[in-house]
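Engineer: My questions all concern the structure below.
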Amino acid sequence: MVREFPPPPRAAEFSELIKKRLEEVKAAGGTRETVTVDWSGQQAHVEVIDLPLSGLYLNPGTHRIRAQRSHDPARDEILDKDPYGDKGQDYLRVLLQARPTNPEMRDVEFDKLKEDLQKFGQNDPGLVTHHGVLVNGNTRAVALRELGVQSMRVGVLPSSFTQADIDAVELALQLRLDQRRDYSYINRLLAMEEQAALGRTPEQIAKEFRIRTATYHQERWILSTVKELNDRSKSGGGVALRLVDWEGAQERLKELQRLYLKLETMDRDQAEVLKEWRLAAILLDFSKTDVRHIDEHFLEQEYLSRELPVDLAATGADGSQPVAVSIPGLGLEVPAASSAVSAARALNDKILRAAATVRTAKAELPDSEKAKAQTLLDEAKNAFDRAIDSHGRDARVRKRKQLAPARLADACANIDQCVTDLVQARTSHSLDEEAFDEAVLKLRGSLRKLAQQAGRGIANPGDGVSWLLAAAAAEGLQ
C-alpha cells in the first residue's frame with residue numbers, strides 16, 4: 001500500500017516561498033520554462049522555478065533506493081520514524097550515491113553524474129511537491145550539494161496531489177526511455193508490486209514498464225521467491241537477508257524461473273529441488289554459466305550429493321517424511337514434499353541463515369557466530385564448486401562423444417536437401433552438371449576419409465559402420 005508521509009518541518013514556510021516564486025515567474029512575463037509530467041493518462045505542464053537546495057528534502061518514498069534501505073536496518077528504522085530528520089535524510093543521501101548492488105561502495109555512475117553537472121550544469125529541472133519534497137531529481141540534488149551549488153531548478157506539482165499521485169508521477173518519469181540512470185532491478189520489482197496493490201491490471205503495468213505481460217508475471221514470481229527466501233533466512237536473533245542482497249542476480253533469477261516453469265508441469269519435485277539448489281548457488285555468488293550446470297542431469301547423477309559434507313547433507317533427526325499434509329479448515333490432505341525436496345530446502349535454509357548472519361550490519365552479533373556462518377558458506381561453496389566442475393567435465397565429454405554423429409546427421413540433412421534441389425534444377429534445365437560432378441567427387445573423398453577412421457576406431461562396428469566399410473571396400477576407397 002502507498003504510505004502517506006507527514007509534511008516536512010517548515011512545510012508552510014517553504015510552501016509560501018514556492019507560491020511567491022511562482023508569482024514572480026508569472027509576473028515577469030515572456031516565455032516561461034515548464035516541465036511535462038504524465039498523470040492519470042494525461043500530460044500536465046508545471047512551472048519551473050529556482051529553489052534553495054538547503055530547503056529541499058530528499059524523498060523518503062522514492063522508488064530508486066527502496067530495496068537499498070534494508071542495507072542498514074537501524075538507520076532504516078530511524079528514516080522510517082523521522083523521514084525528514086537529519087539522520088534519516090543523511091541515510092537517503094548515502095544510499096543515493098551508493099552502488100545499488102553494494103551500498104557500502106560509492107557508485108561510479110553517481111560520480112559521472114556529478115562530473116556532468118560540474119561541466120555542463122543542470123540541463124533538466126527536477127520536480128518537487130508544494131512542500132519542497134523532491135519527487136524527481138533526488139540524486140542530482142545530492143550531487144549538486146556536493147558541488148556546493150546553492151539552488152536547483154525544479155517544477156512544482158499542484159498542492160492537490162496525493163502521495164499516490166506523486167508516486168505515479170515519479171514512476172512515469174523514471175520509466176521514460178531517455179533517463180540516464182534506471183531503477184535497480186529489485187526496485188523495479190517493488191514498483192511493479194506497488195502498482196498491483198493499487199488495483200492496476202497486469203496488462204496496464206506491463207505497458208507502463210514497457211515489457212510484455214509474460215515478463216511482468218515472471219518479475220512478480222521472482223520478487224515473491226526473493227521475499228520468501230528472506231523470510232526463511234531469519235534466525236533466532238532476528239537476522240535476515242535483505243532485498244538488496246539479490247541485486248545483480250537478475251539474469252540468473254530469470255533463467256531459474258524459466259527452468260522451473262518448464263520442469264514443474266513434468267516433475268514438480270525435480271523442479272523444486274533444482275530451484276532450491278540454483279537459489280543456493282546464486283546466493284553463493286556463482287556465475288550465470290556455472291549456475292546453468294545445475295540442471296536435470298546434475299540432479300540425476302547426484303553430483304552435489306557426492307560432494308556435500310556430512311553436516312550439510314543431513315536433513316533432520318530421523319530423515320522421516322510425512323506422507324501427506326492436511327489443510328486447516330478444509331479437511332483436505334495434499335501430498336507432502338518428497339524427501340529430496342525437503343533435503344534441498346533444508347540445505348538452502350542453512351545457507352540462507354549463514355549468509356544472513358555474515359552479511360548483517362548488526363554490531364551486537366558475536367564474531368564467533370559470524371565466523372561459524374562463514375565456515376559453513378565456504379564448505380557449501382566448495383561442495384557446489386566441485387559438483388559443478390564434475391558436471392562440466394562430464395558434459396564436455398558427452399559433447400565430444402555426440403559431436404561426430406551430430407555432424408553426420410547435419411550432412412545427411414544437407415544431402416536430402418540436395419536431392420530436392422537436384423530435381424528442381426533438372427526440371428528447369430538449370431543444372432550445372434560439371435559443378436555437380438565435381439561436388440560428388442569431393443563427397444567420395446570425404447567418405448574415403450570417414451571410412452578409414454571408422455575402420456580404425458571402432459572394434460565392433462554396427463550395421464551403419466559395417467555398410468560404410470563394405471561400400472568403401474567395394475569401390476576401392478580404403
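In the C-alpha cells, the first chain shown is A, the next is B, and so on; residue numbers restart at 1 for each chain, and ligands run from 1 in the order shown.
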Taking 3 positions as the minimum chain separation for residues in the same chain, which residues sit within 12 Å of A:Arg444 when counting only C-alpha atoms? Answer as a PDB file with C-alpha atoms, in the first residue's frame.

Structural biologist:
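Written output follows (selection_18.pdb):
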ATOM      1  CA  ASP A 437      30.107 -33.899 -60.750  1.00  0.00           C
ATOM      2  CA  GLU A 438      32.984 -32.112 -59.010  1.00  0.00           C
ATOM      3  CA  ALA A 439      30.977 -31.899 -55.776  1.00  0.00           C
ATOM      4  CA  VAL A 440      30.229 -35.655 -55.943  1.00  0.00           C
ATOM      5  CA  LEU A 441      33.959 -36.374 -56.255  1.00  0.00           C
ATOM      6  CA  LEU A 447      33.581 -40.791 -47.488  1.00  0.00           C
ATOM      7  CA  ARG A 448      37.038 -42.358 -48.023  1.00  0.00           C
ATOM      8  CA  LYS A 449      38.433 -40.422 -45.052  1.00  0.00           C
ATOM      9  CA  LEU A 450      35.406 -41.277 -42.914  1.00  0.00           C
ATOM     10  CA  ALA A 451      35.684 -44.991 -43.745  1.00  0.00           C
ATOM     11  CA  LEU A 468      30.272 -47.843 -44.837  1.00  0.00           C
ATOM     12  CA  ALA A 471      30.849 -49.779 -49.578  1.00  0.00           C
ATOM     13  CA  ALA A 472      34.327 -48.294 -49.336  1.00  0.00           C
ATOM     14  CA  GLU A 475      34.607 -49.038 -54.502  1.00  0.00           C
ATOM     15  CA  GLY A 476      38.278 -49.415 -53.657  1.00  0.00           C
ATOM     16  CA  LEU A 477      38.193 -46.419 -51.357  1.00  0.00           C
ATOM     17  CA  GLN A 478      40.095 -47.964 -48.441  1.00  0.00           C
TER      18      GLN A 478
END

Engineer: Determine, using only C-alpha atoms, which residues of stretch 57-120 of chain A have any atom at most 10 Å from an atom of stretch 351-371 of chain A, and tabulate each with its shortest atom pair and distance in Å to one decimal place, rows ordered by chain and then rising number, as a Markdown table.

Structural biologist:
| residue | atom | partner | partner_atom | distance |
| --- | --- | --- | --- | --- |
| A:His71 | CA | A:Ala361 | CA | 7.7 |
| A:Asp72 | CA | A:Ala361 | CA | 6.2 |
| A:Pro73 | CA | A:Ala361 | CA | 7.8 |
| A:Ala74 | CA | A:Lys362 | CA | 8.2 |

Engineer: Please, could you write that set of residues out with N, CA and C atoms as a PDB file, in the first residue's frame?

Structural biologist:
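Printed below is part.pdb as written:
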ATOM      1  N   HIS A  71      19.648  -2.130   3.683  1.00  0.00           N
ATOM      2  CA  HIS A  71      21.082  -2.360   3.898  1.00  0.00           C
ATOM      3  C   HIS A  71      21.461  -2.196   5.362  1.00  0.00           C
ATOM      4  N   ASP A  72      20.953  -1.163   6.015  1.00  0.00           N
ATOM      5  CA  ASP A  72      21.254  -0.902   7.425  1.00  0.00           C
ATOM      6  C   ASP A  72      19.925  -0.774   8.170  1.00  0.00           C
ATOM      7  N   PRO A  73      19.442  -1.864   8.781  1.00  0.00           N
ATOM      8  CA  PRO A  73      18.130  -1.841   9.434  1.00  0.00           C
ATOM      9  C   PRO A  73      17.985  -0.756  10.498  1.00  0.00           C
ATOM     10  N   ALA A  74      19.050  -0.475  11.236  1.00  0.00           N
ATOM     11  CA  ALA A  74      18.974   0.534  12.298  1.00  0.00           C
ATOM     12  C   ALA A  74      18.726   1.923  11.706  1.00  0.00           C
TER      13      ALA A  74
END

Engineer: Report as a PyMOL selection string all protein, DNA and RNA residues lying within 12 Å of A:Ile222, evaluated on only C-alpha atoms, omitting residues in the same chain fewer than 4 positions from it.

Structural biologist: chain A and resi 185-186+188-190+192-193+215-218+226-229+243+246-247+249-258+260+275+279

Engineer: Report, in Å with one decimal, the straight-line distance from atom CA of A:Leu198 to atom CA of A:Leu171.

Structural biologist: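 Atom-to-atom, atom CA of A:Leu198 to atom CA of A:Leu171, that is 13.5 Å.
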
Engineer: Pick the closest to A:Thr62 from A:Trp467, A:Phe161, A:Trp221, A:Phe5: which is it, counting only C-alpha atoms?

Structural biologist: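 Closest residue, counting only C-alpha atoms: A:Phe5.
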
Engineer: Within 8 Å of stretch 343-349 of chain A, counting only C-alpha atoms, which residues qualify if same-chain residues fewer than 2 places away don't, as a ChimeraX atom specification?

Structural biologist: /A:232-233,273,276-277,279-280,312-315,339-341,351-353

Engineer: Run DSSP on the backbone of this structure and report the residues of stretch 82-154 of chain A it assigns to helix (DSSP H, G or I), as a PDB file with N, CA and C atoms, in the first residue's frame.

Structural biologist:
ATOM      1  N   ASP A  86      17.505  14.932  10.287  1.00  0.00           N
ATOM      2  CA  ASP A  86      18.868  14.969   9.751  1.00  0.00           C
ATOM      3  C   ASP A  86      19.428  13.562   9.502  1.00  0.00           C
ATOM      4  N   LYS A  87      19.209  12.640  10.456  1.00  0.00           N
ATOM      5  CA  LYS A  87      19.769  11.292  10.315  1.00  0.00           C
ATOM      6  C   LYS A  87      19.084  10.526   9.181  1.00  0.00           C
ATOM      7  N   GLY A  88      17.779  10.657   9.094  1.00  0.00           N
ATOM      8  CA  GLY A  88      17.063   9.978   8.017  1.00  0.00           C
ATOM      9  C   GLY A  88      17.450  10.510   6.652  1.00  0.00           C
ATOM     10  N   GLN A  89      17.530  11.817   6.525  1.00  0.00           N
ATOM     11  CA  GLN A  89      17.928  12.428   5.263  1.00  0.00           C
ATOM     12  C   GLN A  89      19.374  12.081   4.891  1.00  0.00           C
ATOM     13  N   ASP A  90      20.232  11.968   5.904  1.00  0.00           N
ATOM     14  CA  ASP A  90      21.621  11.596   5.628  1.00  0.00           C
ATOM     15  C   ASP A  90      21.711  10.166   5.115  1.00  0.00           C
ATOM     16  N   TYR A  91      20.858   9.283   5.639  1.00  0.00           N
ATOM     17  CA  TYR A  91      20.850   7.898   5.153  1.00  0.00           C
ATOM     18  C   TYR A  91      20.391   7.853   3.695  1.00  0.00           C
ATOM     19  N   LEU A  92      19.393   8.654   3.355  1.00  0.00           N
ATOM     20  CA  LEU A  92      18.970   8.740   1.956  1.00  0.00           C
ATOM     21  C   LEU A  92      20.107   9.235   1.071  1.00  0.00           C
ATOM     22  N   ARG A  93      20.835  10.248   1.560  1.00  0.00           N
ATOM     23  CA  ARG A  93      21.966  10.787   0.799  1.00  0.00           C
ATOM     24  C   ARG A  93      23.001   9.702   0.522  1.00  0.00           C
ATOM     25  N   VAL A  94      23.319   8.905   1.532  1.00  0.00           N
ATOM     26  CA  VAL A  94      24.311   7.833   1.384  1.00  0.00           C
ATOM     27  C   VAL A  94      23.852   6.812   0.349  1.00  0.00           C
ATOM     28  N   LEU A  95      22.596   6.427   0.420  1.00  0.00           N
ATOM     29  CA  LEU A  95      22.085   5.407  -0.497  1.00  0.00           C
ATOM     30  C   LEU A  95      22.003   5.914  -1.933  1.00  0.00           C
ATOM     31  N   LEU A  96      21.675   7.177  -2.109  1.00  0.00           N
ATOM     32  CA  LEU A  96      21.549   7.733  -3.455  1.00  0.00           C
ATOM     33  C   LEU A  96      22.879   7.840  -4.183  1.00  0.00           C
ATOM     34  N   VAL A 108      30.028   4.510  -9.313  1.00  0.00           N
ATOM     35  CA  VAL A 108      30.761   5.272 -10.330  1.00  0.00           C
ATOM     36  C   VAL A 108      29.793   6.079 -11.194  1.00  0.00           C
ATOM     37  N   GLU A 109      28.552   5.595 -11.340  1.00  0.00           N
ATOM     38  CA  GLU A 109      27.568   6.330 -12.125  1.00  0.00           C
ATOM     39  C   GLU A 109      27.200   7.648 -11.446  1.00  0.00           C
ATOM     40  N   PHE A 110      27.207   7.640 -10.124  1.00  0.00           N
ATOM     41  CA  PHE A 110      26.945   8.884  -9.402  1.00  0.00           C
ATOM     42  C   PHE A 110      28.065   9.892  -9.662  1.00  0.00           C
ATOM     43  N   ASP A 111      29.291   9.426  -9.662  1.00  0.00           N
ATOM     44  CA  ASP A 111      30.424  10.329  -9.921  1.00  0.00           C
ATOM     45  C   ASP A 111      30.391  10.868 -11.350  1.00  0.00           C
ATOM     46  N   LYS A 112      29.925  10.031 -12.292  1.00  0.00           N
ATOM     47  CA  LYS A 112      29.787  10.506 -13.673  1.00  0.00           C
ATOM     48  C   LYS A 112      28.720  11.596 -13.750  1.00  0.00           C
ATOM     49  N   LEU A 113      27.616  11.402 -13.032  1.00  0.00           N
ATOM     50  CA  LEU A 113      26.561  12.414 -12.991  1.00  0.00           C
ATOM     51  C   LEU A 113      27.089  13.706 -12.380  1.00  0.00           C
ATOM     52  N   LYS A 114      27.840  13.576 -11.306  1.00  0.00           N
ATOM     53  CA  LYS A 114      28.393  14.757 -10.638  1.00  0.00           C
ATOM     54  C   LYS A 114      29.345  15.511 -11.565  1.00  0.00           C
ATOM     55  N   GLU A 115      30.172  14.758 -12.297  1.00  0.00           N
ATOM     56  CA  GLU A 115      31.111  15.380 -13.239  1.00  0.00           C
ATOM     57  C   GLU A 115      30.366  16.099 -14.353  1.00  0.00           C
ATOM     58  N   ASP A 116      29.282  15.472 -14.834  1.00  0.00           N
ATOM     59  CA  ASP A 116      28.480  16.085 -15.889  1.00  0.00           C
ATOM     60  C   ASP A 116      27.844  17.386 -15.404  1.00  0.00           C
ATOM     61  N   LEU A 117      27.337  17.373 -14.183  1.00  0.00           N
ATOM     62  CA  LEU A 117      26.731  18.583 -13.623  1.00  0.00           C
ATOM     63  C   LEU A 117      27.763  19.689 -13.435  1.00  0.00           C
ATOM     64  N   GLN A 118      28.965  19.307 -13.076  1.00  0.00           N
ATOM     65  CA  GLN A 118      30.024  20.303 -12.879  1.00  0.00           C
ATOM     66  C   GLN A 118      30.427  20.949 -14.199  1.00  0.00           C
ATOM     67  N   LYS A 119      30.457  20.146 -15.275  1.00  0.00           N
ATOM     68  CA  LYS A 119      30.881  20.657 -16.570  1.00  0.00           C
ATOM     69  C   LYS A 119      29.785  21.454 -17.263  1.00  0.00           C
ATOM     70  N   PHE A 120      28.573  20.916 -17.251  1.00  0.00           N
ATOM     71  CA  PHE A 120      27.515  21.478 -18.084  1.00  0.00           C
ATOM     72  C   PHE A 120      26.356  22.083 -17.299  1.00  0.00           C
ATOM     73  N   ASN A 138      16.316  13.532  -7.018  1.00  0.00           N
ATOM     74  CA  ASN A 138      16.949  13.308  -5.715  1.00  0.00           C
ATOM     75  C   ASN A 138      18.461  13.119  -5.846  1.00  0.00           C
ATOM     76  N   THR A 139      18.866  12.264  -6.790  1.00  0.00           N
ATOM     77  CA  THR A 139      20.299  12.007  -6.970  1.00  0.00           C
ATOM     78  C   THR A 139      21.024  13.268  -7.434  1.00  0.00           C
ATOM     79  N   ARG A 140      20.400  14.023  -8.327  1.00  0.00           N
ATOM     80  CA  ARG A 140      21.010  15.280  -8.786  1.00  0.00           C
ATOM     81  C   ARG A 140      21.153  16.272  -7.645  1.00  0.00           C
ATOM     82  N   ALA A 141      20.170  16.301  -6.743  1.00  0.00           N
ATOM     83  CA  ALA A 141      20.252  17.217  -5.603  1.00  0.00           C
ATOM     84  C   ALA A 141      21.444  16.876  -4.715  1.00  0.00           C
ATOM     85  N   VAL A 142      21.681  15.578  -4.495  1.00  0.00           N
ATOM     86  CA  VAL A 142      22.832  15.158  -3.687  1.00  0.00           C
ATOM     87  C   VAL A 142      24.131  15.571  -4.367  1.00  0.00           C
ATOM     88  N   ALA A 143      24.201  15.365  -5.683  1.00  0.00           N
ATOM     89  CA  ALA A 143      25.419  15.727  -6.425  1.00  0.00           C
ATOM     90  C   ALA A 143      25.644  17.238  -6.423  1.00  0.00           C
ATOM     91  N   LEU A 144      24.581  17.999  -6.617  1.00  0.00           N
ATOM     92  CA  LEU A 144      24.705  19.461  -6.625  1.00  0.00           C
ATOM     93  C   LEU A 144      25.161  19.980  -5.262  1.00  0.00           C
ATOM     94  N   ARG A 145      24.661  19.376  -4.195  1.00  0.00           N
ATOM     95  CA  ARG A 145      25.094  19.791  -2.854  1.00  0.00           C
ATOM     96  C   ARG A 145      26.575  19.507  -2.646  1.00  0.00           C
ATOM     97  N   GLU A 146      27.045  18.360  -3.152  1.00  0.00           N
ATOM     98  CA  GLU A 146      28.477  18.057  -3.031  1.00  0.00           C
ATOM     99  C   GLU A 146      29.322  19.057  -3.811  1.00  0.00           C
TER     100      GLU A 146
END

Engineer: Determine, counting only C-alpha atoms, which protein, DNA and RNA residues have an atom within 9 Å of an atom of A:Ala11; residues of the same chain fewer than 4 positions away are not included. Present the result as a list of chain:residue names.

Structural biologist: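 Close residues of A:Ala11: A:Pro7, A:Ser15, A:Glu16, A:His130, A:His131, A:Gly132.
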
Engineer: Check the smallest atom-to-atom distance from each of A:Glu272, A:Ala206, A:Cys418, A:Gly392 to A:Val291 using only C-alpha atoms, then report the winner.

Structural biologist: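 Counting only C-alpha atoms, the residue closest to A:Val291 is A:Gly392.
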
Engineer: If we count only C-alpha atoms and set the cut-off at 12 Å, which residues sit around stretch 23-28 of chain A, ignoring sequence neighbours fewer than 4 positions away in its own chain? Please answer as a ChimeraX atom specification.

Structural biologist: /A:16-19,32-34,47-50

Engineer: A:Gly126, A:Glu170, A:Pro6, A:Pro52: which is nearest A:Asp80, counting only C-alpha atoms?

Structural biologist: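 Nearest candidate to A:Asp80 out of A:Gly126, A:Glu170, A:Pro6, A:Pro52: A:Pro6.
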
Engineer: Pick the closest to A:Arg66 from A:Gly85, A:Gly155, A:Arg242, A:Gly29: which is it, counting only C-alpha atoms?

Structural biologist: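 Checking each of A:Gly85, A:Gly155, A:Arg242, A:Gly29 against A:Arg66, counting only C-alpha atoms, the winner is A:Arg242.
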
Engineer: If you run DSSP on the backbone here, which positions in stretch 137-370 of chain A get strand (DSSP E or B)? Please write them as a list in words.

Structural biologist: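 These are the residues in question: Ser151, Met152, Arg153, Val154, Gly155, Val156, Ala324, Val325, Ser326, Ile327, Leu332, Glu333, Val334 and Pro335 of chain A.
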
Engineer: Nearest to A:Met152: which of A:Leu79, A:Leu53, A:Ile294, A:Ile388 is it, counting only C-alpha atoms?

Structural biologist: A:Leu53

Engineer: Determine, counting only C-alpha atoms, which protein, DNA and RNA residues have an atom within 10 Å of an atom of A:Ala168; residues of the same chain fewer than 6 positions away are not included. Present the result as an NGL selection string.

Structural biologist: :A and (37-40 or 162 or 191 or 195)

Engineer: Could those selected residues go to a file with N, CA and C atoms, as an mmCIF file, in the first residue's frame?

Structural biologist:
data_model
loop_
_atom_site.group_PDB
_atom_site.id
_atom_site.type_symbol
_atom_site.label_atom_id
_atom_site.label_comp_id
_atom_site.auth_asym_id
_atom_site.auth_seq_id
_atom_site.Cartn_x
_atom_site.Cartn_y
_atom_site.Cartn_z
ATOM 1 N N VAL A 37 4.690 16.400 -17.028
ATOM 2 C CA VAL A 37 4.584 15.190 -16.215
ATOM 3 C C VAL A 37 3.384 14.385 -16.692
ATOM 4 N N ASP A 38 3.518 13.065 -16.646
ATOM 5 C CA ASP A 38 2.424 12.167 -17.002
ATOM 6 C C ASP A 38 1.641 11.835 -15.740
ATOM 7 N N TRP A 39 0.325 12.048 -15.813
ATOM 8 C CA TRP A 39 -0.511 11.832 -14.635
ATOM 9 C C TRP A 39 -1.913 11.439 -15.066
ATOM 10 N N SER A 40 -2.371 10.281 -14.583
ATOM 11 C CA SER A 40 -3.715 9.769 -14.878
ATOM 12 C C SER A 40 -3.979 9.690 -16.376
ATOM 13 N N THR A 162 -2.011 13.862 -4.226
ATOM 14 C CA THR A 162 -1.868 12.950 -3.093
ATOM 15 C C THR A 162 -0.554 12.184 -3.223
ATOM 16 N N ALA A 191 8.367 -1.572 -7.474
ATOM 17 C CA ALA A 191 7.462 -0.593 -8.089
ATOM 18 C C ALA A 191 6.295 -1.302 -8.779
ATOM 19 N N GLN A 195 2.258 -0.987 -7.856
ATOM 20 C CA GLN A 195 1.221 -0.687 -8.833
ATOM 21 C C GLN A 195 0.103 -1.733 -8.800
#
